[in-house]
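See below for work26.txt, which holds compact mmCIF, C-alpha atoms (C1' of nucleotides).
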# COMPACT_ATOMS: atom_id res chain seq x y z
CA MET A 282 6.46 26.27 22.39
CA ILE A 283 4.63 23.15 23.43
CA ASP A 284 6.14 20.26 25.33
CA ASP A 285 7.40 17.10 23.70
CA ALA A 286 4.43 14.97 24.69
CA SER A 287 1.88 17.37 23.21
CA ALA A 288 3.90 17.87 20.04
CA ARG A 289 4.23 14.13 19.67
CA GLU A 290 0.53 13.62 20.06
CA ARG A 291 -0.30 16.33 17.54
CA VAL A 292 2.05 14.80 14.99
CA VAL A 293 0.71 11.29 15.51
CA ARG A 294 -2.92 12.38 15.27
CA ALA A 295 -2.33 14.43 12.13
CA ALA A 296 -0.29 11.65 10.50
CA ASP A 297 -2.91 9.08 11.45
CA GLU A 298 -5.68 10.96 9.70
CA LEU A 299 -3.59 11.68 6.60
CA PHE A 300 -2.20 8.15 6.34
CA TYR A 301 -5.60 6.57 6.77
CA THR A 302 -7.30 8.83 4.24
CA ARG A 303 -4.69 8.89 1.48
CA GLY A 304 -2.43 5.95 2.20
CA VAL A 305 0.96 6.12 3.91
CA GLN A 306 3.24 6.49 0.93
CA ALA A 307 1.03 9.12 -0.67
CA VAL A 308 1.57 11.46 2.28
CA GLY A 309 4.82 13.40 2.49
CA MET A 310 6.38 14.58 5.70
CA ASP A 311 5.67 18.15 4.57
CA ALA A 312 1.94 17.40 4.68
CA VAL A 313 2.30 15.98 8.18
CA ARG A 314 4.14 19.07 9.31
CA THR A 315 1.49 21.39 7.89
CA ALA A 316 -1.41 19.41 9.35
CA ALA A 317 0.23 19.04 12.76
CA GLY A 318 1.64 22.56 12.93
CA VAL A 319 4.95 21.17 14.12
CA SER A 320 8.18 21.94 12.31
CA LEU A 321 10.03 19.23 10.40
CA LYS A 322 13.01 19.69 12.67
CA ARG A 323 10.86 19.04 15.70
CA ILE A 324 9.22 16.02 14.08
CA TYR A 325 12.62 14.49 13.36
CA SER A 326 13.69 15.14 16.94
CA LEU A 327 10.64 13.17 18.11
CA PHE A 328 10.81 10.38 15.51
CA ALA A 329 14.03 9.10 13.97
CA SER A 330 12.38 8.44 10.61
CA LYS A 331 9.06 8.23 8.83
CA ASP A 332 9.09 4.51 9.49
CA GLU A 333 9.19 5.17 13.22
CA LEU A 334 6.31 7.63 12.89
CA ILE A 335 4.29 5.01 11.03
CA VAL A 336 4.80 2.54 13.84
CA ALA A 337 3.78 5.18 16.39
CA VAL A 338 0.63 5.85 14.37
CA LEU A 339 -0.18 2.13 14.36
CA ARG A 340 0.24 1.97 18.13
CA HIS A 341 -2.06 4.97 18.46
CA ARG A 342 -4.64 3.20 16.28
CA THR A 343 -4.35 0.15 18.49
CA GLU A 344 -5.32 2.22 21.53
CA ILE A 345 -8.30 3.71 19.70
CA TRP A 346 -9.41 0.26 18.54
CA ASP A 347 -9.09 -1.25 22.01
CA ALA A 348 -11.01 1.63 23.56
CA GLY A 349 -13.77 1.37 20.94
CA LEU A 350 -14.07 -2.35 21.50
CA ALA A 351 -14.21 -1.91 25.27
CA SER A 352 -16.85 0.80 24.99
CA ALA A 353 -18.94 -1.30 22.59
CA SER A 354 -18.94 -4.26 24.97
CA GLU A 355 -19.89 -2.18 28.00
CA ARG A 356 -23.61 -2.67 27.60
CA ALA A 357 -23.20 -6.42 27.15
CA THR A 358 -23.57 -8.65 30.17
CA THR A 359 -22.64 -12.09 28.85
CA ALA A 360 -19.64 -13.30 26.91
CA ARG A 361 -21.90 -14.13 23.99
CA GLU A 362 -23.21 -10.57 23.92
CA ARG A 363 -19.71 -9.18 24.14
CA ILE A 364 -18.71 -11.29 21.14
CA LEU A 365 -21.66 -10.10 19.12
CA ALA A 366 -20.94 -6.52 20.22
CA ILE A 367 -17.72 -6.77 18.19
CA PHE A 368 -19.80 -6.99 15.03
CA ASP A 369 -22.10 -4.17 16.10
CA PHE A 370 -19.00 -2.10 16.67
CA LEU A 371 -17.83 -2.96 13.15
CA ASP A 372 -21.25 -2.07 11.77
CA ALA A 373 -21.15 1.42 13.27
CA TRP A 374 -17.59 1.90 12.08
CA PHE A 375 -18.36 0.81 8.50
CA ARG A 376 -21.12 3.41 8.37
CA GLU A 377 -18.79 6.30 9.13
CA PRO A 378 -18.41 8.38 5.97
CA ASP A 379 -14.62 8.30 6.00
CA PHE A 380 -14.35 4.56 6.61
CA ARG A 381 -11.64 3.17 4.39
CA GLY A 382 -10.97 -0.27 5.78
CA CYS A 383 -8.73 -1.48 8.56
CA ALA A 384 -5.65 0.72 8.81
CA PHE A 385 -3.57 -2.25 9.90
CA ILE A 386 -4.55 -4.36 6.91
CA ASN A 387 -4.06 -1.43 4.55
CA THR A 388 -0.66 -0.52 5.95
CA HIS A 389 0.43 -4.14 5.92
CA GLY A 390 -0.49 -4.42 2.28
CA GLU A 391 1.40 -1.25 1.53
CA LEU A 392 4.56 -1.67 3.59
CA GLY A 393 4.53 -5.15 5.08
CA ALA A 394 6.94 -6.37 2.45
CA SER A 395 9.47 -3.58 2.82
CA SER A 396 9.34 -2.70 6.51
CA SER A 397 9.54 -5.44 9.09
CA ALA A 398 8.85 -2.93 11.87
CA VAL A 399 5.49 -2.15 10.27
CA ALA A 400 4.75 -5.82 9.70
CA ASP A 401 5.54 -6.54 13.36
CA ALA A 402 3.28 -3.77 14.65
CA VAL A 403 0.40 -5.01 12.52
CA ARG A 404 0.94 -8.62 13.58
CA GLU A 405 0.97 -7.55 17.23
CA GLN A 406 -2.37 -5.79 16.93
CA LYS A 407 -4.03 -8.73 15.21
CA ALA A 408 -2.61 -11.15 17.77
CA SER A 409 -3.96 -8.94 20.54
CA PHE A 410 -7.43 -8.93 18.98
CA GLN A 411 -7.35 -12.69 18.59
CA ALA A 412 -6.38 -13.01 22.24
CA TYR A 413 -9.32 -10.77 23.19
CA VAL A 414 -11.73 -13.02 21.29
CA ALA A 415 -10.13 -16.10 22.79
CA ARG A 416 -10.70 -14.77 26.32
CA LEU A 417 -14.38 -14.21 25.56
CA VAL A 418 -14.73 -17.70 24.06
CA ASP A 419 -13.08 -19.13 27.16
CA GLU A 420 -16.00 -17.79 29.20
CA LEU A 421 -18.44 -19.75 27.07
CA PRO A 422 -19.12 -23.42 27.12
CA ALA A 423 -17.47 -23.69 23.70
CA PRO A 424 -14.34 -25.27 22.24
CA PRO A 425 -11.35 -22.91 21.84
CA GLU A 426 -11.39 -23.52 18.06
CA LEU A 427 -14.33 -21.15 17.90
CA ALA A 428 -12.16 -18.12 18.68
CA PRO A 429 -10.04 -17.97 15.51
CA GLN A 430 -13.17 -18.62 13.45
CA LEU A 431 -14.85 -15.53 14.92
CA ALA A 432 -11.69 -13.48 14.44
CA ILE A 433 -11.54 -14.52 10.78
CA LEU A 434 -15.13 -13.38 10.35
CA ALA A 435 -14.25 -9.97 11.79
CA GLU A 436 -11.21 -9.64 9.50
CA GLY A 437 -13.17 -10.67 6.46
CA ALA A 438 -15.94 -8.23 7.24
CA GLN A 439 -13.43 -5.36 7.39
CA THR A 440 -11.84 -6.04 4.01
CA THR A 441 -15.16 -6.85 2.39
CA ALA A 442 -16.77 -3.64 3.62
CA ALA A 443 -13.75 -1.58 2.61
CA ILE A 444 -13.63 -2.90 -0.93
CA ALA A 445 -17.36 -3.07 -1.57
CA GLY A 446 -17.93 0.32 0.00
CA THR A 447 -20.98 -0.88 1.87
CA PRO A 448 -21.51 -1.80 5.54
CA ASP A 449 -23.43 -5.00 4.77
CA ALA A 450 -20.56 -7.29 5.71
CA ALA A 451 -20.92 -6.43 9.40
CA ARG A 452 -24.48 -7.71 9.55
CA GLN A 453 -23.60 -10.79 7.48
CA ALA A 454 -20.59 -11.62 9.65
CA ARG A 455 -22.68 -11.12 12.78
CA ALA A 456 -25.27 -13.60 11.52
CA ALA A 457 -22.51 -16.12 10.78
CA ALA A 458 -21.07 -15.57 14.24
CA GLU A 459 -24.47 -16.28 15.78
CA THR A 460 -24.71 -19.53 13.84
CA LEU A 461 -21.23 -20.55 14.99
CA LEU A 462 -22.04 -19.64 18.60
CA ASP A 463 -25.28 -21.63 18.47
CA ALA A 464 -23.55 -24.64 16.98
CA ALA A 465 -20.82 -24.51 19.62
CA ALA A 466 -23.36 -24.28 22.44
CA ARG A 467 -25.25 -27.27 21.21
CA MET B 48 11.46 -8.30 -32.18
CA ILE B 49 8.48 -9.96 -30.56
CA ASP B 50 4.87 -9.17 -31.34
CA ASP B 51 2.72 -6.89 -29.20
CA ALA B 52 0.77 -9.67 -27.55
CA SER B 53 3.89 -11.51 -26.38
CA ALA B 54 5.56 -8.33 -25.20
CA ARG B 55 2.41 -7.38 -23.31
CA GLU B 56 2.27 -10.73 -21.60
CA ARG B 57 5.93 -10.61 -20.64
CA VAL B 58 5.51 -7.15 -19.13
CA VAL B 59 2.37 -8.11 -17.21
CA ARG B 60 3.90 -11.30 -15.83
CA ALA B 61 7.09 -9.57 -14.74
CA ALA B 62 5.18 -6.67 -13.20
CA ASP B 63 2.82 -9.05 -11.43
CA GLU B 64 5.63 -10.89 -9.72
CA LEU B 65 7.46 -7.70 -8.75
CA PHE B 66 4.34 -5.89 -7.53
CA TYR B 67 3.20 -8.87 -5.49
CA THR B 68 6.58 -9.46 -3.89
CA ARG B 69 7.61 -5.89 -3.09
CA GLY B 70 4.42 -3.86 -3.30
CA VAL B 71 3.34 -1.74 -6.26
CA GLN B 72 4.77 1.61 -5.30
CA ALA B 73 8.10 0.09 -4.31
CA VAL B 74 8.67 -1.13 -7.86
CA GLY B 75 9.84 1.35 -10.46
CA MET B 76 9.16 1.04 -14.16
CA ASP B 77 12.89 0.48 -14.65
CA ALA B 78 12.66 -2.70 -12.62
CA VAL B 79 9.72 -3.87 -14.72
CA ARG B 80 11.65 -3.22 -17.90
CA THR B 81 14.68 -5.14 -16.67
CA ALA B 82 12.62 -8.10 -15.47
CA ALA B 83 10.49 -8.22 -18.61
CA GLY B 84 13.30 -7.55 -21.05
CA VAL B 85 11.10 -5.04 -22.86
CA SER B 86 12.23 -1.47 -23.41
CA LEU B 87 10.54 1.41 -21.60
CA LYS B 88 9.49 2.87 -24.92
CA ARG B 89 7.74 -0.36 -25.81
CA ILE B 90 6.10 -0.62 -22.41
CA TYR B 91 4.69 2.87 -22.75
CA SER B 92 3.42 2.04 -26.22
CA LEU B 93 1.53 -0.93 -24.73
CA PHE B 94 0.32 0.81 -21.56
CA ALA B 95 -0.47 4.51 -21.33
CA SER B 96 0.75 4.76 -17.75
CA LYS B 97 1.83 2.74 -14.75
CA ASP B 98 -1.73 2.93 -13.50
CA GLU B 99 -2.94 1.17 -16.62
CA LEU B 100 -0.28 -1.51 -16.19
CA ILE B 101 -1.41 -2.04 -12.61
CA VAL B 102 -4.98 -2.61 -13.78
CA ALA B 103 -3.75 -5.05 -16.44
CA VAL B 104 -1.81 -6.92 -13.77
CA LEU B 105 -4.94 -7.14 -11.61
CA ARG B 106 -6.92 -8.54 -14.52
CA HIS B 107 -4.17 -11.09 -15.11
CA ARG B 108 -4.35 -12.07 -11.44
CA THR B 109 -8.09 -12.47 -11.78
CA GLU B 110 -7.61 -15.03 -14.55
CA ILE B 111 -5.05 -16.95 -12.50
CA TRP B 112 -7.37 -16.90 -9.47
CA ASP B 113 -10.37 -18.08 -11.49
CA ALA B 114 -8.35 -20.87 -13.11
CA GLY B 115 -6.99 -21.99 -9.74
CA LEU B 116 -10.45 -22.04 -8.25
CA ALA B 117 -11.83 -24.01 -11.19
CA SER B 118 -9.00 -26.52 -11.02
CA ALA B 119 -9.44 -26.95 -7.27
CA SER B 120 -13.13 -27.69 -7.63
CA GLU B 121 -12.66 -30.21 -10.44
CA ARG B 122 -12.40 -33.19 -8.15
CA ALA B 123 -15.52 -32.15 -6.25
CA THR B 124 -18.84 -33.62 -7.28
CA THR B 125 -21.34 -31.74 -5.10
CA ALA B 126 -21.85 -28.04 -4.50
CA ARG B 127 -20.91 -28.52 -0.86
CA GLU B 128 -17.63 -30.13 -1.87
CA ARG B 129 -16.94 -27.35 -4.34
CA ILE B 130 -17.49 -24.78 -1.58
CA LEU B 131 -15.13 -26.58 0.75
CA ALA B 132 -12.63 -26.92 -2.10
CA ILE B 133 -12.27 -23.12 -1.97
CA PHE B 134 -10.71 -23.42 1.47
CA ASP B 135 -8.48 -26.30 0.42
CA PHE B 136 -7.35 -24.11 -2.44
CA LEU B 137 -6.57 -21.35 0.04
CA ASP B 138 -4.70 -23.79 2.25
CA ALA B 139 -2.40 -24.85 -0.54
CA TRP B 140 -1.86 -21.23 -1.57
CA PHE B 141 -1.02 -20.07 1.98
CA ARG B 142 1.67 -22.76 2.15
CA GLU B 143 3.52 -21.46 -0.89
CA PRO B 144 6.78 -19.91 0.29
CA ASP B 145 6.21 -16.61 -1.49
CA PHE B 146 2.62 -16.18 -0.28
CA ARG B 147 2.15 -12.57 0.75
CA GLY B 148 -1.60 -12.21 1.02
CA CYS B 149 -4.27 -11.41 -1.53
CA ALA B 150 -2.86 -9.14 -4.23
CA PHE B 151 -6.23 -7.44 -4.62
CA ILE B 152 -6.53 -6.61 -0.94
CA ASN B 153 -2.92 -5.45 -0.79
CA THR B 154 -3.21 -3.27 -3.87
CA HIS B 155 -6.50 -1.84 -2.67
CA GLY B 156 -4.91 -0.87 0.63
CA GLU B 157 -2.02 0.70 -1.20
CA LEU B 158 -3.77 2.54 -4.04
CA GLY B 159 -7.52 2.26 -3.50
CA ALA B 160 -7.65 5.77 -2.09
CA SER B 161 -5.70 7.45 -4.88
CA SER B 162 -6.67 5.47 -8.00
CA SER B 163 -10.30 4.78 -8.70
CA ALA B 164 -9.34 2.53 -11.64
CA VAL B 165 -7.47 0.27 -9.24
CA ALA B 166 -10.32 0.37 -6.72
CA ASP B 167 -12.77 -0.59 -9.46
CA ALA B 168 -10.67 -3.51 -10.68
CA VAL B 169 -10.38 -4.85 -7.14
CA ARG B 170 -14.08 -4.42 -6.47
CA GLU B 171 -14.88 -6.27 -9.70
CA GLN B 172 -12.78 -9.26 -8.75
CA LYS B 173 -14.32 -9.50 -5.30
CA ALA B 174 -17.83 -9.17 -6.72
CA SER B 175 -17.03 -11.94 -9.20
CA PHE B 176 -15.84 -14.23 -6.40
CA GLN B 177 -18.95 -13.49 -4.36
CA ALA B 178 -21.08 -14.33 -7.39
CA TYR B 179 -19.21 -17.62 -7.77
CA VAL B 180 -19.94 -18.54 -4.17
CA ALA B 181 -23.56 -17.45 -4.57
CA ARG B 182 -23.98 -19.78 -7.57
CA LEU B 183 -22.68 -22.70 -5.52
CA VAL B 184 -24.95 -21.87 -2.61
CA ASP B 185 -27.88 -21.69 -5.01
CA GLU B 186 -27.33 -25.37 -5.80
CA LEU B 187 -27.70 -26.25 -2.13
CA PRO B 188 -30.82 -26.39 -0.12
CA ALA B 189 -29.66 -23.32 1.77
CA PRO B 190 -30.76 -19.69 2.12
CA PRO B 191 -28.89 -17.20 -0.09
CA GLU B 192 -27.63 -15.38 3.04
CA LEU B 193 -25.11 -18.17 3.42
CA ALA B 194 -23.11 -17.04 0.39
CA PRO B 195 -21.74 -13.72 1.67
CA GLN B 196 -20.95 -15.40 4.99
CA LEU B 197 -18.76 -17.96 3.23
CA ALA B 198 -17.12 -15.22 1.14
CA ILE B 199 -16.32 -13.25 4.29
CA LEU B 200 -14.66 -16.34 5.76
CA ALA B 201 -12.48 -16.67 2.67
CA GLU B 202 -11.50 -12.98 2.78
CA GLY B 203 -10.72 -13.12 6.47
CA ALA B 204 -8.62 -16.22 6.02
CA GLN B 205 -6.51 -14.48 3.39
CA THR B 206 -5.70 -11.40 5.48
CA THR B 207 -5.21 -13.43 8.64
CA ALA B 208 -2.80 -15.83 6.95
CA ALA B 209 -0.91 -12.98 5.31
CA ILE B 210 -0.41 -11.02 8.51
CA ALA B 211 0.20 -13.95 10.83
CA GLY B 212 2.52 -15.62 8.34
CA THR B 213 0.97 -19.03 8.94
CA PRO B 214 -1.49 -21.11 6.89
CA ASP B 215 -3.67 -21.99 9.90
CA ALA B 216 -6.47 -19.65 8.91
CA ALA B 217 -7.42 -21.80 5.92
CA ARG B 218 -8.15 -24.81 8.09
CA GLN B 219 -9.98 -22.68 10.66
CA ALA B 220 -12.11 -20.97 8.02
CA ARG B 221 -12.89 -24.32 6.44
CA ALA B 222 -14.13 -25.68 9.77
CA ALA B 223 -16.33 -22.61 10.20
CA ALA B 224 -17.67 -23.06 6.68
CA GLU B 225 -18.58 -26.66 7.47
CA THR B 226 -20.47 -25.52 10.56
CA LEU B 227 -22.36 -22.90 8.55
CA LEU B 228 -23.16 -25.44 5.83
CA ASP B 229 -24.42 -27.94 8.38
CA ALA B 230 -26.56 -25.33 10.09
CA ALA B 231 -28.05 -24.22 6.76
CA ALA B 232 -28.87 -27.79 5.75
CA ARG B 233 -30.69 -28.43 8.97
C1' DT C 3 21.32 45.62 27.74
C1' DA C 4 24.16 42.11 25.58
C1' DT C 5 24.75 37.30 24.64
C1' DC C 6 23.74 32.80 24.03
C1' DG C 7 20.90 28.80 23.03
C1' DT C 8 17.07 27.19 20.83
C1' DA C 9 13.18 26.60 17.83
C1' DG C 10 10.63 27.59 13.61
C1' DA C 11 10.27 28.23 8.64
C1' DG C 12 11.48 26.60 4.73
C1' DA C 13 15.42 26.20 1.36
C1' DA C 14 18.54 22.71 0.01
C1' DC C 15 20.18 18.08 -1.01
C1' DG C 16 20.56 13.70 -2.93
C1' DA C 17 17.86 9.96 -4.35
C1' DT C 18 14.24 8.07 -6.94
C1' DC C 19 10.15 8.13 -9.41
C1' DG C 20 7.17 8.17 -13.91
C1' DT C 21 7.63 9.58 -18.35
C1' DT C 22 9.82 11.33 -22.59
C1' DC C 23 13.62 12.02 -25.75
C1' DT C 24 17.89 11.21 -28.09
C1' DC C 25 20.95 8.55 -30.34
C1' DC C 26 22.53 4.52 -32.53
C1' DG C 27 22.30 0.30 -35.11
C1' DC C 28 19.90 -2.97 -37.82
C1' DG C 29 16.86 -4.68 -41.49
C1' DC C 30 14.51 -3.77 -45.71
C1' DA C 31 13.27 -1.44 -50.35
C1' DA C 32 14.92 0.40 -54.70
C1' DT D 90 24.88 -0.34 -52.10
C1' DT D 91 22.46 3.44 -50.22
C1' DG D 92 18.96 5.63 -47.80
C1' DC D 93 15.22 5.20 -44.55
C1' DG D 94 12.34 3.96 -40.83
C1' DC D 95 11.79 1.73 -36.67
C1' DG D 96 12.96 -0.24 -32.28
C1' DG D 97 16.12 -0.78 -28.24
C1' DA D 98 19.08 1.12 -24.65
C1' DG D 99 19.31 4.21 -21.52
C1' DA D 100 20.19 9.27 -20.68
C1' DA D 101 17.48 13.16 -19.52
C1' DC D 102 13.79 15.72 -17.33
C1' DG D 103 10.81 17.55 -14.04
C1' DA D 104 8.53 16.38 -9.95
C1' DT D 105 8.53 14.67 -5.42
C1' DC D 106 10.23 12.27 -1.61
C1' DG D 107 12.72 11.78 3.14
C1' DT D 108 16.01 14.11 5.50
C1' DT D 109 19.24 17.80 6.79
C1' DC D 110 20.89 22.46 7.00
C1' DT D 111 20.77 27.45 7.14
C1' DC D 112 19.14 31.55 8.64
C1' DT D 113 16.51 34.37 11.46
C1' DA D 114 13.98 35.75 15.54
C1' DC D 115 13.05 35.41 20.17
C1' DG D 116 13.44 34.60 25.14
C1' DA D 117 16.04 33.80 29.23
C1' DT D 118 20.01 35.03 31.99
C1' DA D 119 23.82 37.66 34.00
Please, can you express the file's structure as structure tokens?
Amino acid sequence: MIDDASARERVVRAADELFYTRGVQAVGMDAVRTAAGVSLKRIYSLFASKDELIVAVLRHRTEIWDAGLASASERATTARERILAIFDFLDAWFREPDFRGCAFINTHGELGASSSAVADAVREQKASFQAYVARLVDELPAPPELAPQLAILAEGAQTTAAIAGTPDAARQARAAAETLLDAAAR
Amino acid sequence: MIDDASARERVVRAADELFYTRGVQAVGMDAVRTAAGVSLKRIYSLFASKDELIVAVLRHRTEIWDAGLASASERATTARERILAIFDFLDAWFREPDFRGCAFINTHGELGASSSAVADAVREQKASFQAYVARLVDELPAPPELAPQLAILAEGAQTTAAIAGTPDAARQARAAAETLLDAAAR
DNA sequence: TATCGTAGAGAACGATCGTTCTCCGCGCAA
DNA sequence: TTGCGCGGAGAACGATCGTTCTCTACGATA
């Protein structure tokens, strides 16, 4: 048998992939158990309910997102470059063959109305991203109003790319961000 | 008994409100029948399946959205004003107490992976909105690249407002749109 | 070796879903 | 008035869901 931490991670990773690919409600706990190789009894000893598993999956996605963002901004030296790196990160993500939009937006649309725990987890992640952008804008000579504008561009690019099925929105949002940055620096 | 057209409209309107408030999959056909006051047998004689009803609801939403947009731009005299009127329209919408995000984005997140008919209907509506923005931009002395940037702002404002639960994103997106318009006119 | 606790596999359970079917009552034609 | 067809109400059906329970096998301990 494997320890609780490993079992937990296997369940979360398997559920994450299934939920993202097919949608949360379309995936039964039986499918999670098969994909994770962890018995239903064990899953329910690690998570009180499917709702709790969903929240754990969202937290796992948050870590992946934060790590991807940090890695994308590594090569950048200025705050402006780190801001634009967000859109390059989106561009690479949109080009992945299994890209299906932002998991947080999708899950919020699916369960935000019926599960406040899910809605809270999604809101937390978005607030954390907005705070990240705000910190970068703070390093610029730019008014703080710029930060939510850039965050809105990133959000819009994600839904637009997901629905259109093309990665164009990343490049378009990046160009808009450059214009906003230039105007703020003026 | 009422005629087919009236029954159809009653079913679509009832389903629209229920789907938007609770999410599509959370609403059973029994709830639609009760809210619409139309028997299940009748509903299934008007729509072959729930999937078909969902698509009809999305088309109904498209008409409402188009009418709202047209009405919001009535007072505007220039293309620039009509573009900014989009964000005023969003602002008023976000302030409605039962605002729960864009129904197209929500439904796409919920069913886009499992129903291609739903995904197509959503994609159509978004493409139609982008074409509307592109027509307005065409009237300006501005490069056509501005249009998708403005559309991305509108999309981002909708998801941001839905998740955050506040209408702030409309004002922020409008300010960004003004900056982009100014930069394009330069 | 004998016994006990535990974990895995999956059957079982109750609820709910989309969809179909049955039954009943009403309106209309002859 | 009598028979008929059609529509409404909702029961029924089969599938599937989240969750729990049963049964079996195995490993550690005395």
With only C-alpha atoms (C1' of nucleotides) considered, list every residue of chain B at most 9 Å from chain C, as an mmCIF file with C-alpha atoms, keeping the file's coordinate frame.
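So out_0.cif came out as:
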data_model
loop_
_atom_site.group_PDB
_atom_site.id
_atom_site.type_symbol
_atom_site.label_atom_id
_atom_site.label_comp_id
_atom_site.auth_asym_id
_atom_site.auth_seq_id
_atom_site.Cartn_x
_atom_site.Cartn_y
_atom_site.Cartn_z
ATOM 1 C CA GLY B 75 9.840 1.350 -10.460
ATOM 2 C CA MET B 76 9.160 1.040 -14.160
ATOM 3 C CA LYS B 88 9.490 2.870 -24.920
ATOM 4 C CA TYR B 91 4.690 2.870 -22.750
ATOM 5 C CA SER B 96 0.750 4.760 -17.750
ATOM 6 C CA LYS B 97 1.830 2.740 -14.750
#
Which neighbours of stretch 103-116 of chain B fall inside 9 Å, counting all atoms listed in the file, when residues of the same chain fewer than 4 positions from it are skipped, and could you give them as a compact mmCIF listing (two decimals) with C-alpha atoms, in the frame of the given file?
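Full text of around_30.txt as output:
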# COMPACT_ATOMS: atom_id res chain seq x y z
CA VAL B 59 2.37 -8.11 -17.21
CA ARG B 60 3.90 -11.30 -15.83
CA ALA B 62 5.18 -6.67 -13.20
CA ASP B 63 2.82 -9.05 -11.43
CA PHE B 66 4.34 -5.89 -7.53
CA PHE B 94 0.32 0.81 -21.56
CA ASP B 98 -1.73 2.93 -13.50
CA GLU B 99 -2.94 1.17 -16.62
CA SER B 120 -13.13 -27.69 -7.63
CA GLU B 121 -12.66 -30.21 -10.44
CA ALA B 132 -12.63 -26.92 -2.10
CA ILE B 133 -12.27 -23.12 -1.97
CA PHE B 136 -7.35 -24.11 -2.44
CA ALA B 150 -2.86 -9.14 -4.23
CA PHE B 151 -6.23 -7.44 -4.62
CA THR B 154 -3.21 -3.27 -3.87
CA VAL B 165 -7.47 0.27 -9.24
CA ALA B 168 -10.67 -3.51 -10.68
CA VAL B 169 -10.38 -4.85 -7.14
CA GLN B 172 -12.78 -9.26 -8.75
CA PHE B 176 -15.84 -14.23 -6.40
Please, which residues of chain D lie no more than 9 Å from chain B when the count uses only C-alpha atoms (C1' of nucleotides), and can they be set out as a CSV table (one decimal) with C-alpha atoms (C1' of nucleotides), in the frame of the given file?
chain,number,residue,atom,x,y,z
D,96,DG,C1',13.0,-0.2,-32.3
D,97,DG,C1',16.1,-0.8,-28.2
D,98,DA,C1',19.1,1.1,-24.6
Using 5 Å of padding on each side, determine the axis-aligned box around all atoms of stretch 205-216 of chain B present in the file and give its centre and edge lengths in Å to one decimal, as JSON.
{"center_x": -2.0, "center_y": -16.5, "center_z": 7.1, "size_x": 19.0, "size_y": 21.0, "size_z": 17.4}
Legend entry - Separation of atom CA of A:Thr359 from atom CA of A:Ala415, in Å and rounded to one decimal: 14.5 Å
Inset, instruction - Report as a VMD selection string the set of chain B residues whose atoms approach chain A to within 9 Å, with distances computed over all atoms listed in the file. - result: chain B and resid 68 to 73 147 to 150 152 to 161 166 to 167 169 to 170 173 to 174 192 to 193 195 to 207 209 to 212 216 219 to 220 222 to 223 226 to 227 230
Inset, instruction - Provide the atom CA of B:Ala232 to atom CA of B:Leu187 distance in Å, to one decimal place. - result: 8.1 Å
Inset, instruction - To one decimal in Å, tell me the separation between atom CA of B:Arg129 and atom CA of B:Phe146. - result: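 Interatomic distance, atom CA of B:Arg129 to atom CA of B:Phe146: 22.9 Å.
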Legend entry - Selected residue of minimal separation from A:Phe368 among A:Val414, A:Ser397, A:Ala423, A:Val313, counting all atoms listed in the file: A:Val414
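Using all atoms listed in the file, the smallest distance between any of B:Ser162, B:Ala61, B:Ile49, B:Ala95 and B:Ala82 comes from B:Ala61.
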Legend entry - Nearest-residue call for A:Pro424, choices A:Thr447, A:Ile324, A:Leu462, A:Gln411, using only C-alpha atoms: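 Result for the nearest residue to A:Pro424: A:Leu462.
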